[in-house]
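Shown here: query.csv, CSV, C-alpha atoms.
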```
chain,number,residue,atom,x,y,z
A,494,MET,CA,54.1,284.2,-273.7
A,495,SER,CA,56.2,281.0,-273.5
A,496,LEU,CA,54.7,277.6,-273.4
A,497,GLU,CA,58.0,275.8,-272.8
A,498,GLY,CA,57.4,272.4,-271.2
A,499,LEU,CA,53.8,272.1,-272.6
A,500,ARG,CA,53.2,268.5,-273.3
A,501,VAL,CA,50.8,267.8,-276.2
A,502,MET,CA,49.2,264.5,-277.2
A,503,GLY,CA,48.4,264.3,-280.9
A,504,ILE,CA,45.6,262.0,-282.2
A,505,ASP,CA,44.9,261.1,-285.8
A,506,PRO,CA,41.5,259.4,-285.1
A,507,GLY,CA,40.2,256.2,-286.6
A,508,LEU,CA,38.6,252.9,-285.5
A,509,THR,CA,40.8,250.6,-287.6
A,510,ARG,CA,43.9,252.7,-287.2
A,511,CYS,CA,44.5,255.5,-284.8
A,512,GLY,CA,47.7,257.4,-284.7
A,513,LEU,CA,49.0,258.6,-281.4
A,514,SER,CA,51.9,261.0,-280.6
A,515,MET,CA,53.4,262.8,-277.6
A,516,VAL,CA,55.6,265.9,-277.9
A,517,GLN,CA,56.9,268.6,-275.6
A,518,ALA,CA,57.3,272.3,-276.4
A,519,GLY,CA,60.9,273.5,-276.0
A,520,ARG,CA,62.4,277.0,-276.3
A,521,GLY,CA,61.0,279.2,-279.1
A,522,ARG,CA,59.7,276.9,-281.8
A,523,GLN,CA,61.7,273.9,-280.7
A,524,ILE,CA,59.7,270.7,-280.2
A,525,ILE,CA,60.9,267.5,-278.5
A,526,PRO,CA,59.4,264.2,-279.6
A,527,VAL,CA,58.4,262.0,-276.7
A,528,ALA,CA,56.5,259.0,-278.2
A,529,VAL,CA,54.7,257.9,-281.3
A,530,GLY,CA,52.6,254.8,-282.1
A,531,VAL,CA,49.5,253.4,-283.8
A,532,VAL,CA,46.6,251.5,-282.2
A,533,ARG,CA,44.9,249.1,-284.6
A,534,THR,CA,41.7,247.1,-284.1
A,535,PRO,CA,40.6,244.3,-286.4
A,536,SER,CA,37.5,245.0,-288.5
A,537,SER,CA,36.4,241.4,-287.7
A,538,ALA,CA,35.9,242.3,-284.0
A,539,GLU,CA,32.7,243.8,-282.6
A,540,LEU,CA,32.3,247.6,-282.3
A,541,ALA,CA,32.2,247.3,-278.5
A,542,GLU,CA,35.4,245.4,-278.3
A,543,ARG,CA,37.2,247.8,-280.7
A,544,LEU,CA,36.1,250.9,-278.8
A,545,LEU,CA,37.2,249.3,-275.5
A,546,ARG,CA,40.7,248.6,-277.0
A,547,ILE,CA,41.0,252.2,-278.2
A,548,SER,CA,39.7,253.6,-275.0
A,549,ASN,CA,42.2,251.6,-273.0
A,550,ALA,CA,45.2,252.3,-275.2
A,551,VAL,CA,44.5,256.1,-275.3
A,552,GLY,CA,43.8,256.1,-271.5
A,553,ASP,CA,47.1,254.3,-270.9
A,554,TRP,CA,49.0,256.9,-272.9
A,555,MET,CA,47.3,259.7,-271.0
A,556,ASP,CA,48.1,258.1,-267.7
A,557,GLU,CA,51.7,257.3,-268.6
A,558,TYR,CA,52.7,260.6,-270.4
A,559,LYS,CA,50.4,263.0,-268.6
A,560,PRO,CA,49.7,265.4,-271.5
A,561,ASP,CA,48.5,269.0,-270.7
A,562,VAL,CA,46.3,269.0,-273.7
A,563,VAL,CA,45.1,266.8,-276.5
A,564,ALA,CA,45.2,267.9,-280.2
A,565,MET,CA,42.9,265.9,-282.5
A,566,GLU,CA,42.3,266.0,-286.2
A,567,ARG,CA,38.8,267.1,-287.0
A,568,ILE,CA,37.1,264.3,-289.0
A,569,PHE,CA,35.7,264.8,-292.4
A,570,GLU,CA,32.0,264.5,-292.9
A,571,ARG,CA,32.3,263.4,-296.5
A,572,GLY,CA,33.7,260.2,-297.9
A,573,ASN,CA,32.6,256.7,-297.0
A,574,VAL,CA,29.7,257.1,-294.6
A,575,SER,CA,30.3,253.9,-292.6
A,576,THR,CA,34.0,254.8,-292.1
A,577,VAL,CA,33.0,258.3,-291.0
A,578,MET,CA,30.5,256.9,-288.4
A,579,HIS,CA,33.1,254.4,-287.1
A,580,THR,CA,35.6,257.2,-286.8
A,581,ALA,CA,33.0,259.4,-285.0
A,582,HIS,CA,32.4,256.6,-282.5
A,583,ALA,CA,36.2,256.4,-281.8
A,584,VAL,CA,36.4,260.2,-281.4
A,585,GLY,CA,33.6,260.0,-278.8
A,586,VAL,CA,35.5,257.5,-276.6
A,587,MET,CA,38.8,259.4,-277.0
A,588,VAL,CA,37.3,262.8,-276.1
A,589,LEU,CA,35.7,261.0,-273.2
A,590,ALA,CA,39.0,259.6,-272.0
A,591,ALA,CA,40.4,263.2,-272.0
A,592,ALA,CA,37.4,264.6,-270.2
A,593,GLU,CA,37.6,261.9,-267.5
A,594,ARG,CA,41.1,263.1,-266.8
A,595,GLY,CA,40.3,266.8,-267.1
A,596,ILE,CA,42.5,267.2,-270.2
A,597,PRO,CA,41.3,269.9,-272.7
A,598,VAL,CA,40.9,268.8,-276.3
A,599,HIS,CA,41.5,271.1,-279.4
A,600,GLU,CA,40.5,270.1,-282.9
A,601,TYR,CA,42.3,271.0,-286.1
A,602,THR,CA,41.3,270.4,-289.7
A,603,PRO,CA,43.7,268.6,-292.0
A,604,SER,CA,44.4,271.8,-293.9
A,605,GLU,CA,45.1,273.8,-290.7
A,606,VAL,CA,47.7,271.1,-289.7
A,607,LYS,CA,49.3,271.1,-293.2
A,608,LYS,CA,49.5,274.9,-293.2
A,609,ALA,CA,51.0,275.1,-289.7
A,610,ILE,CA,53.7,272.5,-290.5
A,611,SER,CA,54.6,273.3,-294.1
A,612,GLY,CA,53.1,276.7,-294.9
A,613,ASN,CA,50.9,275.0,-297.5
A,614,GLY,CA,47.3,273.8,-296.7
A,615,ARG,CA,47.5,271.3,-299.5
A,616,ALA,CA,50.9,269.8,-298.8
A,617,ASP,CA,51.2,266.1,-299.7
A,618,LYS,CA,52.1,263.2,-297.5
A,619,LYS,CA,55.7,263.1,-298.5
A,620,GLN,CA,56.2,266.9,-297.9
A,621,MET,CA,54.6,266.5,-294.5
A,622,THR,CA,56.7,263.6,-293.5
A,623,ASN,CA,59.9,265.5,-294.5
A,624,MET,CA,58.9,268.6,-292.6
A,625,ILE,CA,58.0,266.6,-289.4
A,626,THR,CA,61.3,264.7,-289.6
A,627,ARG,CA,63.2,268.0,-289.9
A,628,ILE,CA,61.1,269.9,-287.2
A,629,LEU,CA,61.6,267.1,-284.6
A,630,GLY,CA,65.3,266.6,-285.6
A,631,LEU,CA,64.8,263.0,-286.3
A,632,GLY,CA,67.6,261.0,-288.1
A,633,GLU,CA,65.0,259.4,-290.4
A,634,PRO,CA,61.2,259.6,-291.0
A,635,PRO,CA,59.1,258.6,-288.0
A,636,LYS,CA,57.9,255.0,-287.7
A,637,PRO,CA,55.3,253.6,-287.9
A,638,ALA,CA,54.9,255.7,-291.1
A,639,ASP,CA,51.2,256.2,-290.6
A,640,ALA,CA,51.9,257.9,-287.2
A,641,ALA,CA,53.5,260.9,-288.8
A,642,ASP,CA,50.1,262.6,-289.0
A,643,ALA,CA,49.6,262.3,-285.2
A,644,LEU,CA,53.0,264.0,-284.8
A,645,ALA,CA,52.0,266.8,-287.2
A,646,ILE,CA,48.8,267.5,-285.3
A,647,ALA,CA,50.7,267.7,-282.0
A,648,VAL,CA,53.3,270.1,-283.5
A,649,CYS,CA,50.5,272.2,-285.0
A,650,HIS,CA,49.0,272.7,-281.6
A,651,CYS,CA,52.4,273.6,-280.0
A,652,TRP,CA,52.8,276.4,-282.5
A,653,ARG,CA,49.1,277.5,-282.3
A,654,ALA,CA,48.9,277.3,-278.5
A,655,PRO,CA,50.6,280.7,-277.8
A,656,LEU,CA,48.2,282.4,-280.2
A,657,ILE,CA,45.2,280.6,-278.6
A,658,ALA,CA,46.4,281.5,-275.1
A,659,ARG,CA,46.9,285.2,-276.1
A,660,ALA,CA,43.4,285.3,-277.6
A,661,GLU,CA,41.9,283.9,-274.5
A,662,ALA,CA,43.9,286.4,-272.3
A,663,SER,CA,42.6,289.3,-274.5
A,664,ALA,CA,39.0,287.9,-274.2
A,665,ARG,CA,39.3,287.8,-270.4
A,666,LEU,CA,40.7,291.3,-270.3
A,667,GLY,CA,37.9,292.5,-272.5
A,668,ALA,CA,35.3,290.9,-270.2
A,669,TRP,CA,36.9,292.5,-267.1
A,670,GLY,CA,37.6,295.8,-268.9
B,1082,MET,CA,13.1,228.8,-275.2
B,1083,SER,CA,12.0,231.2,-272.4
B,1084,LEU,CA,13.8,234.4,-271.6
B,1085,GLU,CA,11.7,235.2,-268.5
B,1086,GLY,CA,13.6,237.5,-266.2
B,1087,LEU,CA,15.8,239.0,-269.0
B,1088,ARG,CA,16.5,242.6,-268.2
B,1089,VAL,CA,16.9,244.9,-271.2
B,1090,MET,CA,18.1,248.5,-271.2
B,1091,GLY,CA,16.7,250.5,-274.2
B,1092,ILE,CA,18.6,253.5,-275.6
B,1093,ASP,CA,17.4,256.1,-278.0
B,1094,PRO,CA,20.8,257.8,-278.6
B,1095,GLY,CA,21.5,261.5,-278.9
B,1096,LEU,CA,23.8,264.1,-277.6
B,1097,THR,CA,21.2,266.7,-276.7
B,1098,ARG,CA,18.6,264.2,-275.7
B,1099,CYS,CA,19.1,260.6,-274.9
B,1100,GLY,CA,16.2,258.3,-274.0
B,1101,LEU,CA,16.8,255.5,-271.5
B,1102,SER,CA,14.6,252.7,-270.4
B,1103,MET,CA,14.8,249.5,-268.4
B,1104,VAL,CA,12.3,246.6,-268.8
B,1105,GLN,CA,12.2,243.0,-267.8
B,1106,ALA,CA,10.8,240.0,-269.8
B,1107,GLY,CA,7.9,238.2,-268.0
B,1108,ARG,CA,6.0,235.1,-269.0
B,1109,GLY,CA,5.3,234.6,-272.7
B,1110,ARG,CA,5.2,238.1,-274.3
B,1111,GLN,CA,4.6,239.9,-271.0
B,1112,ILE,CA,7.0,242.8,-270.3
B,1113,ILE,CA,7.4,244.6,-267.0
B,1114,PRO,CA,8.5,248.3,-267.0
B,1115,VAL,CA,11.3,249.0,-264.6
B,1116,ALA,CA,12.5,252.6,-265.3
B,1117,VAL,CA,12.4,255.3,-267.9
B,1118,GLY,CA,14.1,258.6,-268.3
B,1119,VAL,CA,15.9,261.1,-270.5
B,1120,VAL,CA,19.4,262.5,-270.2
B,1121,ARG,CA,19.8,266.0,-271.6
B,1122,THR,CA,23.0,268.0,-272.2
B,1123,PRO,CA,23.1,271.7,-273.1
B,1124,SER,CA,24.3,272.5,-276.6
B,1125,SER,CA,26.2,275.4,-275.0
B,1126,ALA,CA,28.5,273.0,-273.2
B,1127,GLU,CA,31.7,271.6,-274.7
B,1128,LEU,CA,31.6,268.2,-276.4
B,1129,ALA,CA,33.9,266.7,-273.8
B,1130,GLU,CA,31.6,267.8,-270.9
B,1131,ARG,CA,28.5,266.5,-272.7
B,1132,LEU,CA,30.0,263.1,-273.4
B,1133,LEU,CA,31.2,262.9,-269.8
B,1134,ARG,CA,27.7,263.6,-268.6
B,1135,ILE,CA,26.1,261.0,-270.9
B,1136,SER,CA,28.7,258.4,-270.0
B,1137,ASN,CA,28.2,258.9,-266.3
B,1138,ALA,CA,24.4,258.8,-266.6
B,1139,VAL,CA,24.3,255.6,-268.7
B,1140,GLY,CA,27.0,254.0,-266.5
B,1141,ASP,CA,24.9,254.8,-263.4
B,1142,TRP,CA,21.8,253.2,-264.9
B,1143,MET,CA,23.8,250.1,-265.8
B,1144,ASP,CA,25.3,249.8,-262.3
B,1145,GLU,CA,22.0,250.4,-260.6
B,1146,TYR,CA,19.7,248.2,-262.8
B,1147,LYS,CA,22.2,245.7,-264.0
B,1148,PRO,CA,20.8,244.9,-267.5
B,1149,ASP,CA,21.7,241.6,-269.2
B,1150,VAL,CA,21.7,243.3,-272.6
B,1151,VAL,CA,21.5,246.8,-274.2
B,1152,ALA,CA,19.2,247.5,-277.2
B,1153,MET,CA,20.1,250.7,-279.1
B,1154,GLU,CA,18.5,252.4,-282.0
B,1155,ARG,CA,20.8,252.3,-285.0
B,1156,ILE,CA,21.4,255.9,-286.1
B,1157,PHE,CA,20.5,257.2,-289.4
B,1158,GLU,CA,23.3,258.4,-291.7
B,1159,ARG,CA,21.3,260.9,-293.5
B,1160,GLY,CA,19.8,264.2,-292.2
B,1161,ASN,CA,21.8,267.0,-290.6
B,1162,VAL,CA,25.4,265.9,-290.8
B,1163,SER,CA,26.5,267.7,-287.6
B,1164,THR,CA,23.7,266.1,-285.6
B,1165,VAL,CA,24.5,262.7,-287.0
B,1166,MET,CA,28.2,263.2,-286.0
B,1167,HIS,CA,27.2,264.3,-282.5
B,1168,THR,CA,24.9,261.3,-282.1
B,1169,ALA,CA,27.7,259.0,-283.3
B,1170,HIS,CA,30.0,260.4,-280.6
B,1171,ALA,CA,27.4,259.7,-278.0
B,1172,VAL,CA,26.8,256.2,-279.3
B,1173,GLY,CA,30.6,255.6,-279.0
B,1174,VAL,CA,30.6,256.4,-275.3
B,1175,MET,CA,27.5,254.4,-274.6
B,1176,VAL,CA,28.7,251.3,-276.4
B,1177,LEU,CA,31.9,251.7,-274.5
B,1178,ALA,CA,30.0,251.9,-271.1
B,1179,ALA,CA,28.4,248.6,-272.0
B,1180,ALA,CA,31.7,247.0,-273.1
B,1181,GLU,CA,33.4,248.1,-269.9
B,1182,ARG,CA,30.8,246.1,-268.0
B,1183,GLY,CA,30.7,243.1,-270.3
B,1184,ILE,CA,27.1,243.9,-271.4
B,1185,PRO,CA,26.3,242.9,-275.1
B,1186,VAL,CA,24.8,245.6,-277.3
B,1187,HIS,CA,22.2,244.9,-280.1
B,1188,GLU,CA,21.2,247.5,-282.6
B,1189,TYR,CA,17.8,247.9,-284.3
B,1190,THR,CA,16.7,250.3,-287.1
B,1191,PRO,CA,13.7,252.5,-286.4
B,1192,SER,CA,11.6,250.4,-288.8
B,1193,GLU,CA,12.5,247.2,-287.1
B,1194,VAL,CA,11.4,248.7,-283.8
B,1195,LYS,CA,8.1,250.0,-285.3
B,1196,LYS,CA,7.4,246.7,-286.9
B,1197,ALA,CA,8.1,244.6,-283.8
B,1198,ILE,CA,5.8,246.9,-281.6
B,1199,SER,CA,2.9,247.7,-284.0
B,1200,GLY,CA,3.3,245.3,-286.9
B,1201,ASN,CA,3.8,248.3,-289.1
B,1202,GLY,CA,7.4,249.5,-290.0
B,1203,ARG,CA,6.0,253.0,-290.7
B,1204,ALA,CA,3.8,253.5,-287.6
B,1205,ASP,CA,3.7,257.1,-286.4
B,1206,LYS,CA,4.6,258.5,-283.0
B,1207,LYS,CA,1.1,258.4,-281.6
B,1208,GLN,CA,0.5,254.8,-282.7
B,1209,MET,CA,3.8,253.8,-281.1
B,1210,THR,CA,3.0,255.5,-277.8
B,1211,ASN,CA,-0.4,253.9,-277.7
B,1212,MET,CA,1.0,250.5,-278.3
B,1213,ILE,CA,3.8,250.9,-275.7
B,1214,THR,CA,1.3,252.1,-273.1
B,1215,ARG,CA,-0.9,249.0,-273.8
B,1216,ILE,CA,2.0,246.5,-273.9
B,1217,LEU,CA,3.5,247.7,-270.6
B,1218,GLY,CA,0.0,247.9,-269.0
B,1219,LEU,CA,0.5,251.6,-268.1
B,1220,GLY,CA,-2.4,253.6,-266.9
B,1221,GLU,CA,-1.3,256.5,-269.1
B,1222,PRO,CA,1.4,257.2,-271.8
B,1223,PRO,CA,4.9,257.0,-270.4
B,1224,LYS,CA,6.6,260.2,-269.2
B,1225,PRO,CA,8.8,261.9,-270.2
B,1226,ALA,CA,7.0,261.7,-273.6
B,1227,ASP,CA,10.3,261.6,-275.5
B,1228,ALA,CA,11.4,258.4,-273.6
B,1229,ALA,CA,8.7,256.3,-275.2
B,1230,ASP,CA,11.1,255.4,-278.0
B,1231,ALA,CA,13.6,254.0,-275.6
B,1232,LEU,CA,10.9,251.7,-274.1
B,1233,ALA,CA,9.9,250.6,-277.6
B,1234,ILE,CA,13.5,249.6,-278.4
B,1235,ALA,CA,13.8,247.6,-275.2
B,1236,VAL,CA,10.4,245.8,-275.9
B,1237,CYS,CA,11.5,245.1,-279.5
B,1238,HIS,CA,14.6,243.4,-278.1
B,1239,CYS,CA,12.6,241.3,-275.6
B,1240,TRP,CA,10.5,240.0,-278.4
B,1241,ARG,CA,13.4,239.4,-280.8
B,1242,ALA,CA,15.7,237.9,-278.3
B,1243,PRO,CA,14.2,234.4,-278.4
B,1244,LEU,CA,14.6,234.3,-282.1
B,1245,ILE,CA,18.2,235.6,-281.9
B,1246,ALA,CA,19.0,233.0,-279.2
B,1247,ARG,CA,17.5,230.2,-281.3
B,1248,ALA,CA,19.4,231.3,-284.4
B,1249,GLU,CA,22.7,231.4,-282.4
B,1250,ALA,CA,21.9,227.9,-280.9
B,1251,SER,CA,21.4,226.6,-284.5
B,1252,ALA,CA,24.6,228.2,-285.7
B,1253,ARG,CA,26.5,226.5,-282.8
B,1254,LEU,CA,24.9,223.1,-283.6
B,1255,GLY,CA,25.8,223.7,-287.2
B,1256,ALA,CA,29.4,224.4,-286.4
B,1257,TRP,CA,29.6,221.4,-284.1
B,1258,GLY,CA,27.5,219.1,-286.2
```
Encoded form using structure tokens:
Amino acid sequence: MSLEGLRVMGIDPGLTRCGLSMVQAGRGRQIIPVAVGVVRTPSSAELAERLLRISNAVGDWMDEYKPDVVAMERIFERGNVSTVMHTAHAVGVMVLAAAERGIPVHEYTPSEVKKAISGNGRADKKQMTNMITRILGLGEPPKPADAADALAIAVCHCWRAPLIARAEASARLGAWG
Amino acid sequence: MSLEGLRVMGIDPGLTRCGLSMVQAGRGRQIIPVAVGVVRTPSSAELAERLLRISNAVGDWMDEYKPDVVAMERIFERGNVSTVMHTAHAVGVMVLAAAERGIPVHEYTPSEVKKAISGNGRADKKQMTNMITRILGLGEPPKPADAADALAIAVCHCWRAPLIARAEASARLGAWG
């Protein structure tokens, strides 16, 4: 089962800082980088204004690059409660932006992403950046630096997608069987 | 400072069940009920589908009733973590719907709402329903029953709005003074 040409948007969600990436699956395990960026919103702005900016930025990316699927990092429910709630609000508007365009969303935990990219679920930031630079054949680490996570999430989905598609096909066969 | 004619949309946020209300400020402390309802989404549906339904329902209410302001219950950060995260996603899309239409959003804690309506920050559900029925001059308790909270939030804002407006006016005078 080949997914050559599959275009994946990676999202590392946040309200203050949201990493975005776009990649395209090539032959075999090859992956072509298309775009990378970070949307920032000032913590001095009101929540409504911040969510509107994120929704517009993410919507513009979807309309310009037309991804087949969105891969998003699943947010942690521990840590600073107020940050988690802010991130959850941002996730809501980004999942909505995908739903309004009929684009499916897949979520991955940080350790799933790390394992897919480096073989180690506990890889550190430097190892991940090095792997992503190599996988995408970049001459130097991706910039902005804090967008590397969004690229990793998209690459993770490219490599997991054939397995997901195969599992779904088996499930359908089973149901029809 | 009179806010007669102010139209307030009340929202009791949730992903599975979201209470909506619309009221209009009359003379003095009088409040006229305009509409009340509940949006439900099945927990069997995907998050994207559920957020899309809530966004559409809330947007339809805003477009039909044209509220001047949205009053929303501030969600609790304790309790079942997964429910809180789901509610936070729903809050994100509802705040976005207001922002897209230029409608300001005010948040109130449950105890602020209870105190404004009944004078008691720890009033129980039955006391609150009785007070809301009386305040709005309804012949019987509002239906659906689980929409009474959304009415209480909207009434709370109607009564707090003159104080908020006065405080904002003072702050402006102070800045200009």
Check which residues of chain B sit at most 9 Å from chain A using only C-alpha atoms, and return one row each with the closest pair of atoms and their distance in Å to one decimal, ordered by chain and rising number, as a Markdown table.
```
| residue | atom | partner | partner_atom | distance |
| --- | --- | --- | --- | --- |
| B:Leu1128 | CA | A:Val588 | CA | 7.9 |
| B:Ala1129 | CA | A:Ala592 | CA | 5.4 |
| B:Glu1130 | CA | A:Ala592 | CA | 6.7 |
| B:Leu1132 | CA | A:Leu589 | CA | 6.1 |
| B:Leu1133 | CA | A:Leu589 | CA | 6.0 |
| B:Ser1136 | CA | A:Leu589 | CA | 8.1 |
| B:Glu1158 | CA | A:Val574 | CA | 7.1 |
| B:Val1162 | CA | A:Glu570 | CA | 7.1 |
| B:Ser1163 | CA | A:Glu570 | CA | 8.3 |
| B:Val1165 | CA | A:Met578 | CA | 8.5 |
| B:Met1166 | CA | A:Ala581 | CA | 6.2 |
| B:His1167 | CA | A:Ala581 | CA | 8.0 |
| B:Thr1168 | CA | A:Ala581 | CA | 8.8 |
| B:Ala1169 | CA | A:His582 | CA | 5.3 |
| B:His1170 | CA | A:Gly585 | CA | 4.0 |
| B:Ala1171 | CA | A:Gly585 | CA | 6.3 |
| B:Val1172 | CA | A:His582 | CA | 6.5 |
| B:Gly1173 | CA | A:His582 | CA | 4.1 |
| B:Val1174 | CA | A:Val586 | CA | 5.2 |
| B:Met1175 | CA | A:Val586 | CA | 8.8 |
| B:Val1176 | CA | A:Ala541 | CA | 5.7 |
| B:Leu1177 | CA | A:Leu545 | CA | 5.9 |
| B:Ala1178 | CA | A:Leu545 | CA | 8.8 |
| B:Ala1179 | CA | A:Ala541 | CA | 7.6 |
| B:Ala1180 | CA | A:Ala541 | CA | 5.4 |
| B:Glu1181 | CA | A:Leu545 | CA | 6.9 |
| B:Pro1185 | CA | A:Ala541 | CA | 8.1 |
| B:Val1186 | CA | A:Ala541 | CA | 7.7 |
```
- Tell me which of A:Lys636, A:Arg520, A:Arg533, A:His650 sits closest to A:Lys607, counting all atoms listed in the file. A:His650
- Task: Rank B:Ala1126, B:Ala1106, B:Ala1226, B:Met1090 by their smallest atom-to-atom distance to B:Trp1142, using all atoms listed in the file, and report the top residue only.
- Result: B:Met1090
- Work out how far atom CA of A:Arg665 is from atom CA of A:Tyr601, in Å to one decimal. 23.2 Å
- Task: Could you please determine the separation between atom CA of A:Gly630 and atom CA of A:Thr509 in Å, to one decimal place?
- Result: 29.3 Å
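Of the residues under consideration (A:Pro506, A:Pro535, A:Gly519, A:Gly612), A:Pro506 shows the shortest atom-to-atom contact distance to A:Arg567 when counting all atoms listed in the file.
Atom CA of A:Ala609 is found 13.6 Å from atom CA of A:Ala643.
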- Item | Non-local contacts of A:Pro637 (9 Å; all atoms listed in the file; under 6 positions in same chain excluded) as a PyMOL selection string | chain A and resi 529-531
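Comparing A:Arg615, A:Arg659, A:Arg627, A:His599 by their smallest distance to A:Met565, the closest is A:His599 (using only C-alpha atoms).
Checking A:Ala640, A:Cys511, A:Ile524, A:Met555 one by one against A:Glu497, counting only C-alpha atoms, you find the shortest gap at A:Ile524.
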